[in-house]
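Visitor: What follows is protein-v7.cif; its format and atoms are mmCIF, C-alpha atoms.
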data_start
#
loop_
_atom_site.group_PDB
_atom_site.id
_atom_site.type_symbol
_atom_site.label_atom_id
_atom_site.label_comp_id
_atom_site.auth_asym_id
_atom_site.auth_seq_id
_atom_site.Cartn_x
_atom_site.Cartn_y
_atom_site.Cartn_z
ATOM 1 C CA MET A 288 -4.961 -21.419 -1.188
ATOM 2 C CA GLY A 289 -2.197 -18.932 -0.294
ATOM 3 C CA SER A 290 -0.916 -15.658 -1.671
ATOM 4 C CA ALA A 291 -0.954 -15.836 -5.421
ATOM 5 C CA ALA A 292 2.075 -14.900 -7.497
ATOM 6 C CA ILE A 293 0.842 -12.785 -10.357
ATOM 7 C CA GLU A 294 1.847 -12.089 -13.894
ATOM 8 C CA VAL A 295 1.979 -8.340 -14.335
ATOM 9 C CA GLY A 296 0.176 -6.766 -17.235
ATOM 10 C CA ASN A 297 -1.527 -3.495 -17.975
ATOM 11 C CA GLY A 298 -4.998 -2.667 -16.788
ATOM 12 C CA MET A 299 -4.552 -4.147 -13.309
ATOM 13 C CA ASN A 300 -5.643 -2.828 -9.914
ATOM 14 C CA PHE A 301 -3.045 -2.478 -7.173
ATOM 15 C CA LEU A 302 -3.041 -1.504 -3.497
ATOM 16 C CA LEU A 303 0.172 0.157 -2.363
ATOM 17 C CA ASP A 304 1.598 -0.927 0.963
ATOM 18 C CA THR A 305 2.474 2.144 3.006
ATOM 19 C CA HIS A 306 6.233 1.774 2.560
ATOM 20 C CA ILE A 307 5.898 1.427 -1.231
ATOM 21 C CA TRP A 308 3.896 4.664 -1.329
ATOM 22 C CA VAL A 309 6.428 6.481 0.867
ATOM 23 C CA TRP A 310 9.457 5.052 -0.946
ATOM 24 C CA ASN A 311 8.069 6.120 -4.311
ATOM 25 C CA ASN A 312 8.390 9.724 -3.166
ATOM 26 C CA LEU A 313 11.240 9.680 -0.643
ATOM 27 C CA LYS A 314 13.419 6.660 -1.468
ATOM 28 C CA PRO A 315 12.804 5.789 -5.122
ATOM 29 C CA TRP A 316 15.976 3.680 -5.246
ATOM 30 C CA GLN A 317 14.148 1.181 -2.989
ATOM 31 C CA ILE A 318 11.589 0.477 -5.741
ATOM 32 C CA THR A 319 12.439 -2.220 -8.302
ATOM 33 C CA ALA A 320 12.275 -1.574 -12.043
ATOM 34 C CA GLU A 321 9.231 -3.867 -12.329
ATOM 35 C CA ILE A 322 7.322 -1.971 -9.645
ATOM 36 C CA ASN A 323 8.335 1.365 -11.189
ATOM 37 C CA GLN A 324 6.808 0.204 -14.483
ATOM 38 C CA VAL A 325 3.588 -0.776 -12.712
ATOM 39 C CA LEU A 326 3.397 2.570 -10.929
ATOM 40 C CA ALA A 327 4.134 4.523 -14.113
ATOM 41 C CA SER A 328 1.606 2.730 -16.326
ATOM 42 C CA ARG A 329 -1.536 4.834 -16.661
ATOM 43 C CA GLN A 330 -3.386 1.662 -17.666
ATOM 44 C CA ASN A 331 -3.091 0.370 -14.098
ATOM 45 C CA GLU A 332 -5.229 1.706 -11.277
ATOM 46 C CA LEU A 333 -3.381 2.431 -8.052
ATOM 47 C CA TYR A 334 -5.160 2.478 -4.705
ATOM 48 C CA LEU A 335 -4.151 3.732 -1.284
ATOM 49 C CA SER A 336 -5.875 2.947 1.979
ATOM 50 C CA PRO A 337 -6.629 5.743 4.469
ATOM 51 C CA VAL A 338 -4.826 3.451 6.925
ATOM 52 C CA SER A 339 -1.594 4.283 5.074
ATOM 53 C CA ILE A 340 -2.209 7.987 5.631
ATOM 54 C CA TRP A 341 -2.753 7.289 9.331
ATOM 55 C CA GLU A 342 0.458 5.223 9.385
ATOM 56 C CA LEU A 343 2.324 8.108 7.725
ATOM 57 C CA ALA A 344 1.012 10.470 10.408
ATOM 58 C CA MET A 345 2.254 8.089 13.125
ATOM 59 C CA LEU A 346 5.698 7.875 11.511
ATOM 60 C CA LEU A 347 5.885 11.671 11.435
ATOM 61 C CA GLU A 348 4.737 12.029 15.040
ATOM 62 C CA ARG A 349 7.360 9.518 16.184
ATOM 63 C CA LYS A 350 9.990 11.321 14.083
ATOM 64 C CA ARG A 351 10.738 8.098 12.182
ATOM 65 C CA LEU A 352 10.104 10.013 8.974
ATOM 66 C CA ILE A 353 10.536 13.668 8.027
ATOM 67 C CA LEU A 354 8.802 15.447 5.165
ATOM 68 C CA GLU A 355 10.064 18.701 3.684
ATOM 69 C CA GLU A 356 6.524 20.073 3.468
ATOM 70 C CA GLU A 357 3.210 19.818 5.268
ATOM 71 C CA MET A 358 1.776 16.312 5.292
ATOM 72 C CA ASP A 359 -1.476 17.363 3.563
ATOM 73 C CA ARG A 360 0.404 18.937 0.659
ATOM 74 C CA TRP A 361 2.779 15.966 0.398
ATOM 75 C CA ILE A 362 -0.176 13.574 0.206
ATOM 76 C CA GLU A 363 -1.925 15.689 -2.420
ATOM 77 C CA LYS A 364 1.199 15.825 -4.599
ATOM 78 C CA SER A 365 1.609 12.073 -4.290
ATOM 79 C CA ARG A 366 -2.061 11.515 -5.134
ATOM 80 C CA GLU A 367 -1.719 13.658 -8.249
ATOM 81 C CA GLN A 368 1.580 12.077 -9.338
ATOM 82 C CA LEU A 369 0.353 8.487 -8.987
ATOM 83 C CA LEU A 370 -3.327 9.173 -9.773
ATOM 84 C CA LEU A 371 -4.170 7.405 -6.534
ATOM 85 C CA ARG A 372 -7.671 6.221 -5.794
ATOM 86 C CA GLU A 373 -8.987 5.695 -2.290
ATOM 87 C CA ALA A 374 -9.475 2.125 -1.092
ATOM 88 C CA THR A 375 -11.958 3.018 1.627
ATOM 89 C CA PHE A 376 -12.194 1.368 5.008
ATOM 90 C CA SER A 377 -15.718 0.072 4.584
ATOM 91 C CA TRP A 378 -18.022 -2.275 6.454
ATOM 92 C CA ALA A 379 -17.015 -4.997 4.018
ATOM 93 C CA VAL A 380 -13.330 -4.468 4.862
ATOM 94 C CA ALA A 381 -14.140 -4.493 8.581
ATOM 95 C CA CYS A 382 -16.024 -7.779 8.198
ATOM 96 C CA GLU A 383 -13.148 -9.277 6.164
ATOM 97 C CA LEU A 384 -10.831 -8.621 9.122
ATOM 98 C CA ARG A 385 -12.468 -11.551 10.916
ATOM 99 C CA GLN A 386 -11.199 -13.908 8.204
ATOM 100 C CA THR A 387 -7.829 -12.185 7.812
ATOM 101 C CA ILE A 388 -5.502 -13.813 10.297
ATOM 102 C CA LEU A 389 -1.802 -13.172 9.759
ATOM 103 C CA GLY A 390 1.184 -14.856 11.360
ATOM 104 C CA HIS A 391 2.157 -11.582 13.012
ATOM 105 C CA LYS A 392 0.348 -8.910 15.019
ATOM 106 C CA ASP A 393 0.704 -5.765 12.866
ATOM 107 C CA PRO A 394 -2.819 -4.235 12.707
ATOM 108 C CA VAL A 395 -1.946 -2.075 9.673
ATOM 109 C CA ASP A 396 -0.867 -5.147 7.709
ATOM 110 C CA ARG A 397 -4.100 -6.882 8.665
ATOM 111 C CA LEU A 398 -6.160 -3.894 7.503
ATOM 112 C CA LEU A 399 -4.259 -3.640 4.218
ATOM 113 C CA VAL A 400 -4.634 -7.353 3.503
ATOM 114 C CA ALA A 401 -8.368 -7.218 4.279
ATOM 115 C CA THR A 402 -8.685 -4.173 1.990
ATOM 116 C CA ALA A 403 -6.838 -5.899 -0.881
ATOM 117 C CA LYS A 404 -8.979 -9.020 -0.504
ATOM 118 C CA THR A 405 -12.267 -7.096 -0.267
ATOM 119 C CA TYR A 406 -11.639 -4.968 -3.359
ATOM 120 C CA ASP A 407 -9.774 -7.686 -5.310
ATOM 121 C CA LEU A 408 -6.587 -5.611 -5.463
ATOM 122 C CA THR A 409 -3.041 -6.906 -5.818
ATOM 123 C CA LEU A 410 -0.925 -5.719 -2.899
ATOM 124 C CA ILE A 411 2.455 -4.248 -3.823
ATOM 125 C CA THR A 412 4.799 -4.791 -0.894
ATOM 126 C CA ALA A 413 8.391 -5.416 0.152
ATOM 127 C CA ASP A 414 7.242 -6.923 3.460
ATOM 128 C CA GLU A 415 8.423 -10.545 3.440
ATOM 129 C CA ARG A 416 5.751 -11.427 6.022
ATOM 130 C CA LEU A 417 3.058 -10.515 3.484
ATOM 131 C CA MET A 418 4.685 -12.574 0.738
ATOM 132 C CA LYS A 419 4.008 -15.780 2.662
ATOM 133 C CA PRO A 420 0.823 -17.626 1.723
ATOM 134 C CA ILE A 421 -2.270 -15.703 2.826
ATOM 135 C CA THR A 422 -5.584 -17.085 1.645
ATOM 136 C CA GLY A 423 -7.188 -14.907 -1.039
ATOM 137 C CA LEU A 424 -4.350 -12.383 -1.253
ATOM 138 C CA LYS A 425 -2.568 -11.513 -4.519
ATOM 139 C CA VAL A 426 0.881 -9.982 -4.016
ATOM 140 C CA LEU A 427 3.335 -8.246 -6.304
ATOM 141 C CA PRO A 428 6.640 -8.347 -4.420
ATOM 142 C CA ASN A 429 9.106 -5.489 -4.551
ATOM 143 C CA ARG A 430 12.309 -7.526 -4.570
#
How does this structure look as structure tokens?

Guide:
Amino acid sequence: MGSAAIEVGNGMNFLLDTHIWVWNNLKPWQITAEINQVLASRQNELYLSPVSIWELAMLLERKRLILEEEMDRWIEKSREQLLLREATFSWAVACELRQTILGHKDPVDRLLVATAKTYDLTLITADERLMKPITGLKVLPNR
């Protein structure tokens, strides 16, 4: 069984891929109308992995991204705006990594997929590599 295409409704649980989280705040024109509706619906629960915060820090350190305020404040504002919940990096997620083999070597993608699978979250992503069949992963594509 591969990545499952989903029918979007209210009352669903979603994990934001790092770029979706960043785009929501810095490049909203990159987000489709469907994804904007999902993000805006207070009936849905939105999750963010601490791995995405680490990835944001790496992007800032490498000057691939610039924020107009301190990272901590930017994250807090985003958390409040989206009512983000934490999808923790737990032992269960770490164990799921063993069964999460992707066709590419991005460790952040692997961690996010393992997190989505462990917590039964639908991953919102624009990454075409994550839209290919991945056993046990539900994806909502931003395209």

Visitor: Show me, as a ChimeraX atom specification, the residues that have an atom within 9 Å of A:Thr405 when counting only C-alpha atoms, minus same-chain residues fewer than 6 positions from it.

Guide: /A:379-380,383

Visitor: For stretch 412-416 of chain A, work out the shell of residues within 10 Å, counting only C-alpha atoms and skipping chain neighbours fewer than 5 positions away, then give it as a list in words.

Guide: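 Contacts, with the query itself left out: Leu302, Leu303, Asp304, Thr305, His306, Ile307, Trp308, Gln317, Ile318, Thr319, Ile322, Leu389, Gly390, His391, Asp396, Ile421, Val426, Leu427, Pro428, Asn429 and Arg430 of chain A.
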
Visitor: Starting from the displayed file, determine the output of the PyMOL selection byres ((chain A and resi 325-327) around 9) and express the residue list as a PyMOL selection string.

Guide: chain A and resi 295-297+299+301+311+320-324+328-333+369

Visitor: A:Asn312, A:Ser336, A:Arg360, A:Ala344: which is nearest A:Leu408, counting all atoms listed in the file?

Guide: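 Nearest candidate to A:Leu408 out of A:Asn312, A:Ser336, A:Arg360, A:Ala344: A:Ser336.
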
Visitor: Interatomic distance between atom CA of A:Thr387 and atom CA of A:Lys314?

Guide: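 Value for the atom CA of A:Thr387-atom CA of A:Lys314 distance: 29.9 Å.
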
Visitor: What does the structure give for the distance between atom CA of A:Arg366 and atom CA of A:Leu398, in Å to one decimal?

Guide: 20.3 Å

Visitor: How far is it from atom CA of A:Gly423 to atom CA of A:Leu371, in Å with one decimal?

Guide: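 Separating atom CA of A:Gly423 from atom CA of A:Leu371 is a distance of 23.2 Å.
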
Visitor: I'd like the neighbourhood of A:Thr375 as a VMD selection string, where a residue qualifies if any of its atoms comes within 12 Å (using only C-alpha atoms), though same-chain residues fewer than 6 positions away should be ignored.

Guide: chain A and resid 302 334 to 340 381 398 to 399 401 to 403 405 to 406

Visitor: Given the choices A:Leu384, A:Pro315, A:Met358, A:Lys404, which gets closest to A:Glu342 if the distance is worked out from only C-alpha atoms?

Guide: A:Met358

Visitor: So, counting all atoms listed in the file, which residue among A:Gly298, A:Leu354, A:Arg397, A:Gln368 is closest to A:Cys382?

Guide: A:Arg397

Visitor: Using all atoms listed in the file, which residue out of A:Val309, A:Thr409, A:Val400, A:Lys425 lies closest to A:Trp361?

Guide: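 Nearest to A:Trp361: A:Val309.
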
Visitor: Enclose all atoms of stretch 373-388 of chain A listed in the file in an axis-aligned box, grow every side by 6 Å, and hand back centre and edge lengths in Å to one decimal, as lines of an AutoDock Vina configuration file.

Guide:
center_x = -11.8
center_y = -4.1
center_z = 4.3
size_x = 24.5
size_y = 31.6
size_z = 25.2

Visitor: When distances are computed from only C-alpha atoms, which of A:Ile411, A:Asp393, A:Leu313, A:Thr422 shows the smallest separation from A:Ile353?

Guide: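 The answer is A:Leu313, which sits nearest to A:Ile353.
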
Visitor: Any chance you could build stretch 394-405 of chain A out to all heavy atoms and write it as an mmCIF file, in the coordinates of the input?

Guide:
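Final output, saved to part.cif:
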data_model
loop_
_atom_site.group_PDB
_atom_site.id
_atom_site.type_symbol
_atom_site.label_atom_id
_atom_site.label_comp_id
_atom_site.auth_asym_id
_atom_site.auth_seq_id
_atom_site.Cartn_x
_atom_site.Cartn_y
_atom_site.Cartn_z
ATOM 1 N N PRO A 394 -1.438 -4.538 13.097
ATOM 2 C CA PRO A 394 -2.819 -4.235 12.707
ATOM 3 C C PRO A 394 -2.922 -3.528 11.355
ATOM 4 O O PRO A 394 -3.911 -3.708 10.636
ATOM 5 C CB PRO A 394 -3.338 -3.349 13.842
ATOM 6 C CG PRO A 394 -2.112 -2.784 14.482
ATOM 7 C CD PRO A 394 -1.021 -3.795 14.290
ATOM 8 N N VAL A 395 -1.918 -2.751 10.979
ATOM 9 C CA VAL A 395 -1.946 -2.075 9.673
ATOM 10 C C VAL A 395 -1.854 -3.116 8.557
ATOM 11 O O VAL A 395 -2.605 -3.054 7.579
ATOM 12 C CB VAL A 395 -0.839 -1.003 9.560
ATOM 13 C CG1 VAL A 395 -0.768 -0.451 8.148
ATOM 14 C CG2 VAL A 395 -1.085 0.122 10.563
ATOM 15 N N ASP A 396 -0.970 -4.079 8.711
ATOM 16 C CA ASP A 396 -0.867 -5.147 7.709
ATOM 17 C C ASP A 396 -2.200 -5.877 7.581
ATOM 18 O O ASP A 396 -2.654 -6.163 6.471
ATOM 19 C CB ASP A 396 0.226 -6.149 8.081
ATOM 20 C CG ASP A 396 1.625 -5.635 7.811
ATOM 21 O OD1 ASP A 396 1.766 -4.556 7.203
ATOM 22 O OD2 ASP A 396 2.587 -6.317 8.212
ATOM 23 N N ARG A 397 -2.815 -6.167 8.693
ATOM 24 C CA ARG A 397 -4.100 -6.882 8.665
ATOM 25 C C ARG A 397 -5.162 -6.069 7.930
ATOM 26 O O ARG A 397 -5.926 -6.605 7.122
ATOM 27 C CB ARG A 397 -4.533 -7.193 10.095
ATOM 28 C CG ARG A 397 -5.687 -8.141 10.184
ATOM 29 C CD ARG A 397 -5.902 -8.589 11.602
ATOM 30 N NE ARG A 397 -7.088 -9.421 11.696
ATOM 31 C CZ ARG A 397 -7.601 -9.828 12.837
ATOM 32 N NH1 ARG A 397 -7.034 -9.492 13.979
ATOM 33 N NH2 ARG A 397 -8.693 -10.571 12.844
ATOM 34 N N LEU A 398 -5.206 -4.767 8.196
ATOM 35 C CA LEU A 398 -6.160 -3.894 7.503
ATOM 36 C C LEU A 398 -5.874 -3.812 6.004
ATOM 37 O O LEU A 398 -6.793 -3.842 5.193
ATOM 38 C CB LEU A 398 -6.149 -2.496 8.122
ATOM 39 C CG LEU A 398 -6.867 -2.368 9.459
ATOM 40 C CD1 LEU A 398 -6.417 -1.112 10.194
ATOM 41 C CD2 LEU A 398 -8.369 -2.350 9.240
ATOM 42 N N LEU A 399 -4.608 -3.719 5.636
ATOM 43 C CA LEU A 399 -4.259 -3.640 4.218
ATOM 44 C C LEU A 399 -4.584 -4.945 3.493
ATOM 45 O O LEU A 399 -5.102 -4.917 2.371
ATOM 46 C CB LEU A 399 -2.782 -3.275 4.041
ATOM 47 C CG LEU A 399 -2.403 -1.845 4.445
ATOM 48 C CD1 LEU A 399 -0.895 -1.648 4.334
ATOM 49 C CD2 LEU A 399 -3.154 -0.821 3.628
ATOM 50 N N VAL A 400 -4.314 -6.067 4.119
ATOM 51 C CA VAL A 400 -4.634 -7.353 3.503
ATOM 52 C C VAL A 400 -6.145 -7.493 3.346
ATOM 53 O O VAL A 400 -6.635 -7.893 2.280
ATOM 54 C CB VAL A 400 -4.035 -8.522 4.325
ATOM 55 C CG1 VAL A 400 -4.594 -9.864 3.862
ATOM 56 C CG2 VAL A 400 -2.511 -8.514 4.219
ATOM 57 N N ALA A 401 -6.907 -7.146 4.368
ATOM 58 C CA ALA A 401 -8.368 -7.218 4.279
ATOM 59 C C ALA A 401 -8.890 -6.294 3.181
ATOM 60 O O ALA A 401 -9.817 -6.652 2.447
ATOM 61 C CB ALA A 401 -9.001 -6.863 5.624
ATOM 62 N N THR A 402 -8.290 -5.121 3.038
ATOM 63 C CA THR A 402 -8.685 -4.173 1.990
ATOM 64 C C THR A 402 -8.413 -4.764 0.605
ATOM 65 O O THR A 402 -9.263 -4.728 -0.285
ATOM 66 C CB THR A 402 -7.942 -2.837 2.166
ATOM 67 O OG1 THR A 402 -8.276 -2.284 3.439
ATOM 68 C CG2 THR A 402 -8.295 -1.844 1.071
ATOM 69 N N ALA A 403 -7.200 -5.305 0.414
ATOM 70 C CA ALA A 403 -6.838 -5.899 -0.881
ATOM 71 C C ALA A 403 -7.780 -7.051 -1.227
ATOM 72 O O ALA A 403 -8.246 -7.158 -2.364
ATOM 73 C CB ALA A 403 -5.391 -6.379 -0.853
ATOM 74 N N LYS A 404 -8.088 -7.884 -0.258
ATOM 75 C CA LYS A 404 -8.979 -9.020 -0.504
ATOM 76 C C LYS A 404 -10.398 -8.543 -0.826
ATOM 77 O O LYS A 404 -11.016 -9.036 -1.763
ATOM 78 C CB LYS A 404 -8.978 -9.951 0.708
ATOM 79 C CG LYS A 404 -7.671 -10.719 0.864
ATOM 80 C CD LYS A 404 -7.534 -11.416 2.201
ATOM 81 C CE LYS A 404 -8.588 -12.444 2.464
ATOM 82 N NZ LYS A 404 -8.385 -13.155 3.752
ATOM 83 N N THR A 405 -10.896 -7.582 -0.082
ATOM 84 C CA THR A 405 -12.267 -7.096 -0.267
ATOM 85 C C THR A 405 -12.463 -6.489 -1.650
ATOM 86 O O THR A 405 -13.467 -6.744 -2.314
ATOM 87 C CB THR A 405 -12.627 -6.065 0.819
ATOM 88 O OG1 THR A 405 -12.554 -6.712 2.091
ATOM 89 C CG2 THR A 405 -14.011 -5.485 0.607
#
